[in-house]
Structures are given as C-alpha cells and as structure tokens.
Amino acid sequence: MDAATSRRYVRQLALPQVGATGQARLASARVAVLGAGGLGSPTLLYLAGAGIGQITVVDDDVVDLGNLHRQVLHGEADLGRPKVDSAADAVARLNGTVTLRTVPTRLTPDNATALLAGHDLVLDGSDSFAARDAVDAACAELGVPHVWGAVSGTTGQVSTFDARRGWRYRDLYPPAEEVRGAPSCARGGVLGPVCGLVASCMAAEAVKLLVGGGEPLLGRLLVVDAWTMAVSTYTLPRGEVPTPGTEGGDAVEDATDAGPDGAWTPAALRRALAGEHPPVVVDLRDPAERTVGILPGAVFLPFEEVLRGDHDAAVHGAVLHCASGMRSGLARDAVRARGGEVGHLVGGWDAWADPGQTGRRTDPAT
C-alpha cells in the first residue's frame, strides 16, 4: 500500500475490524449498485469513499428537480442528465482510484443475471417491486449475496439476503407477478434524510460483508422510523412452515386452533372462522396485494404500524396474515415480545388460497 493510499484511508485502516487486510479486500471487490436515486446516491458515495475497487451502477433514469431533496449525488446542474453520468462525476470527484462502470439500462428479469454476473455483492436501492424481484432471482441464481433497502414516508427497512444460506427477499415480500398493480415506491412521499439513514446502513452492510467481519443483517430486518427515531431489529422467521414428513406437522394441521406460538394453518383457521367465536383476522398486505382476494371478515392494518406497536391493543387475540407468512410472522413476534397475545397464518394468503402450498421459506440445511 503506497503512502497516498495509506493517507486516504488512515481513519479506516485504524479500525481493527478493517486494517490493511480488510482494505485490500475492499480494493479488490466488485460491487453492483441498483439505482442512483434516494438510496443509491449516498450508498455510492460511501462505497467510493471506503475504497471499493470496482462499482457498477445501473439506472436508466434522468435527474429531475423533484429528485434533489433526497438524491444527494445530483445537483441543479445535472437536471436532465442520466443519473449514471451524474453519479460517475460525483464518484470521480470523491475518489479517482475507484473504477465506476455505468449502465444506463432498466434492470429486468431478462437482463438481471447478465448485468449482475461477475460481482461479489449487489446493493439493491431500486424503487419498484418488479426490479427487486428480478435482483432477488438473479442473485439466487448467481449465488451472490445482496443488501436491500427501502424507504416509505418516514420509515425505512434494511436487510441482507443470501440464497445459499436460505434467505431470500421473496420470502419477505411476494413476487410482483403475484401482486398485480403494486405501486412503485416513487409514488409516495419520502422524508429525504430517511434515505441517508437507510443508505448508510446499506453501505455499512457492504463493508462488513466484503471484509468478512461484524454481524450482517442476514436473517434480520432493520426498521427505522425517523419521525419517532425508533430503531428496531427483527429476526426473520423461518423453518416454522410444516412440510410433509416433518415431525409435528400433522399435529398442527389437525389442531382445532392455533399451534405452537400462535401459528395457524389454513385448515385450523377455516374451522375457527366457521365456529361460534371466530377470531379477528388482520390483513397486513398492501392494498394492491389484496386484489387477489381477501379472507372473510378481515380488517386491514399497515404492516409497519403493527410491527412498531401502534395497534397492539387492536390486534390482541387476532390472527395476522400477509401474502406468504413472513411479514405476519415478524409482526407476531414483535407483538408477543411486547407482551401481547396474537397469532399468524402460516403460509399467508398463498397457503389459504392453495391449501397444498407449504410456503416459500427454504431451510439452509436443504
């Protein structure tokens, strides 16, 4: 390492978690960043500042005046320019030793694998469900981990996925083709600084994964609400969906009410709803997701609000459900951790609509 490099990264090299070995790993890393917008902007700056050797940025959009309150990579002089070109200029100003490859193309299921091949890590800051699904599928096919972040209003979410270890984005949110009409995240309001919070977490995840240290958010979901400054981390549930031949699976299916930890099967919930004292069913899905169908008598509450405890009294004794059972399992665990009593529908709407379906979660051992 030459003197200029040592001086540039002196504060980072001083960290025992990084040091010279970690810095060398960062310099040799190849990272793809999806989106040069609200999340991609700060992420790219921090990755370049950290000394990532090769960065590919994929974005087909141009800079608009309405972007500038949160997309800090761009300025007024960049209006109308491709975001990847503005990003390249910003990265070059910050760190000329970083190689930045620009791809002014929309990522789709057809090109995602080709665009992401050859990278060590993918950071997904895209703003549509379809793009996130394509990233998830491509990373699973390539065996590449990916860090995902999302912002809505004043809240943000971050997690790390690695299909090789059993964690997929699609287990948390269902594929777009099953959520017809799902809106782009760009249509809602966004508090600009939330993008910075989430992007910083994404960049930190990237550094940890590339140097091989720390505790990445693999199997965990970080949720931050900038309006209340509440920060929570939830363990993503897995392995609770009964599979044929699994010990205890038949016992849960034959139960007349909830199984262990408030886990309801579709058959048990159907029987309970037809009984004298049916439970309240709370649907945590987005409005677009509900177009495929609604459980009888269900009431609707936003997943993020239930997760952070806004409706603990209202959901007491209820059965939560989402599309696949992942979000409802997270919400169930959060409510129970606060002392509440609530169950959730194993496998979610997918299992309800197709009783033979056992869910999407994959056990790492299989």
# chains A, B, ... in the order shown; residues from 1 in each chain; ligands from 1

call {"tool": "residues_around", "arguments": {"residues": "Asp110 of chain A", "least_positions_apart": "5", "cutoff": "12 Å", "atoms": "only C-alpha atoms", "output": "VMD selection string"}}
result
chain A and resid 105 115 to 116 130 to 131 133 to 135 137 to 138

call {"tool": "select_by_dssp", "arguments": {"residues": "segment 104-317 of chain A", "states": "strand (DSSP E)", "output": "count of residues only"}}
result
37

call {"tool": "closest_atom_pairs", "arguments": {"of": "segment 121-201 of chain A", "to": "segment 322-341 of chain A", "cutoff": "8 Å", "atoms": "only C-alpha atoms", "output": "tab-separated table"}}
result
residue	atom	partner	partner_atom	distance
A:Asp171	CA	A:Met326	CA	6.2
A:Leu172	CA	A:Met326	CA	5.3
A:Tyr173	CA	A:Ala323	CA	7.6
A:Pro174	CA	A:Ala323	CA	6.5

call {"tool": "select_by_dssp", "arguments": {"residues": "segment 6-180 of chain A", "states": "helix (DSSP H, G or I)", "output": "PyMOL selection string"}}
result
chain A and resi 6-8+10-13+19-27+40-50+65-67+76-78+83-94+112-116+129-142+163-165+169-172+176-178

call {"tool": "residues_around", "arguments": {"residues": "segment 1-3 of chain A", "least_positions_apart": "3", "cutoff": "9 Å", "atoms": "only C-alpha atoms", "output": "VMD selection string"}}
result
chain A and resid 6 to 8 20 24

call {"tool": "residues_around", "arguments": {"residues": "segment 30-46 of chain A", "least_positions_apart": "3", "cutoff": "8 Å", "atoms": "only C-alpha atoms", "output": "JSON, numbers by chain"}}
result
{"A": [49, 50, 52, 53, 54, 55, 56, 57, 58, 59, 67, 70, 71, 72, 73, 74, 83, 84, 87, 90, 91, 94, 116, 118, 119, 120, 121, 122, 123, 124, 125, 126, 127, 149, 150, 192, 195, 196, 198, 199, 200, 202, 203]}

call {"tool": "closest_residue", "arguments": {"among": "A:Arg270, A:Arg101, A:Arg285, A:Arg308", "to": "Ser232 of chain A", "atoms": "only C-alpha atoms"}}
result
A:Arg308

call {"tool": "atom_distance", "arguments": {"atom1": "atom CA of Leu320 of chain A", "atom2": "atom CA of Thr154 of chain A"}}
result
23.8 Å

call {"tool": "closest_residue", "arguments": {"among": "A:Glu215, A:Glu205, A:Asp350, A:Asp89", "to": "His321 of chain A", "atoms": "only C-alpha atoms"}}
result
A:Asp350

call {"tool": "closest_residue", "arguments": {"among": "A:Val194, A:Val342, A:Val231, A:Ala288", "to": "Asp261 of chain A", "atoms": "only C-alpha atoms"}}
result
A:Val342

call {"tool": "closest_residue", "arguments": {"among": "A:Thr291, A:Thr99, A:Thr21, A:Ser152", "to": "Asp225 of chain A", "atoms": "only C-alpha atoms"}}
result
A:Ser152

call {"tool": "atom_distance", "arguments": {"atom1": "atom CA of His316 of chain A", "atom2": "atom CA of His344 of chain A"}}
result
11.6 Å

call {"tool": "atom_distance", "arguments": {"atom1": "atom CA of Thr233 of chain A", "atom2": "atom CA of Asp136 of chain A"}}
result
21.4 Å

call {"tool": "residues_around", "arguments": {"residues": "segment 220-224 of chain A", "least_positions_apart": "2", "cutoff": "10 Å", "atoms": "only C-alpha atoms", "output": "PyMOL selection string"}}
result
chain A and resi 148-151+154-161+167+172+194+197-198+201+216-218+226-237+304+307-308+330

call {"tool": "closest_residue", "arguments": {"among": "A:Ala353, A:Ala4, A:Ala298, A:Leu79", "to": "Asn95 of chain A", "atoms": "only C-alpha atoms"}}
result
A:Ala4

call {"tool": "residues_around", "arguments": {"residues": "Ala314 of chain A", "least_positions_apart": "4", "cutoff": "12 Å", "atoms": "only C-alpha atoms", "output": "list in words"}}
result
Val280, Val281, Val282, Val299, Phe300, Leu301, Glu305, Val306, Gly309, Asp310, Ala318, Val319, Leu320, Val335, Gly340, Glu341 and Val342 of chain A

call {"tool": "residues_around", "arguments": {"residues": "Gly80 of chain A", "least_positions_apart": "5", "cutoff": "8 Å", "atoms": "only C-alpha atoms", "output": "JSON list (two decimals) with C-alpha atoms, in the first residue's frame"}}
result
[["chain", "number", "residue", "atom", "x", "y", "z"],
["A", 62, "VAL", "CA", -32.54, 11.07, -15.67],
["A", 63, "VAL", "CA", -32.20, 13.68, -12.95],
["A", 64, "ASP", "CA", -35.41, 15.57, -12.20]]
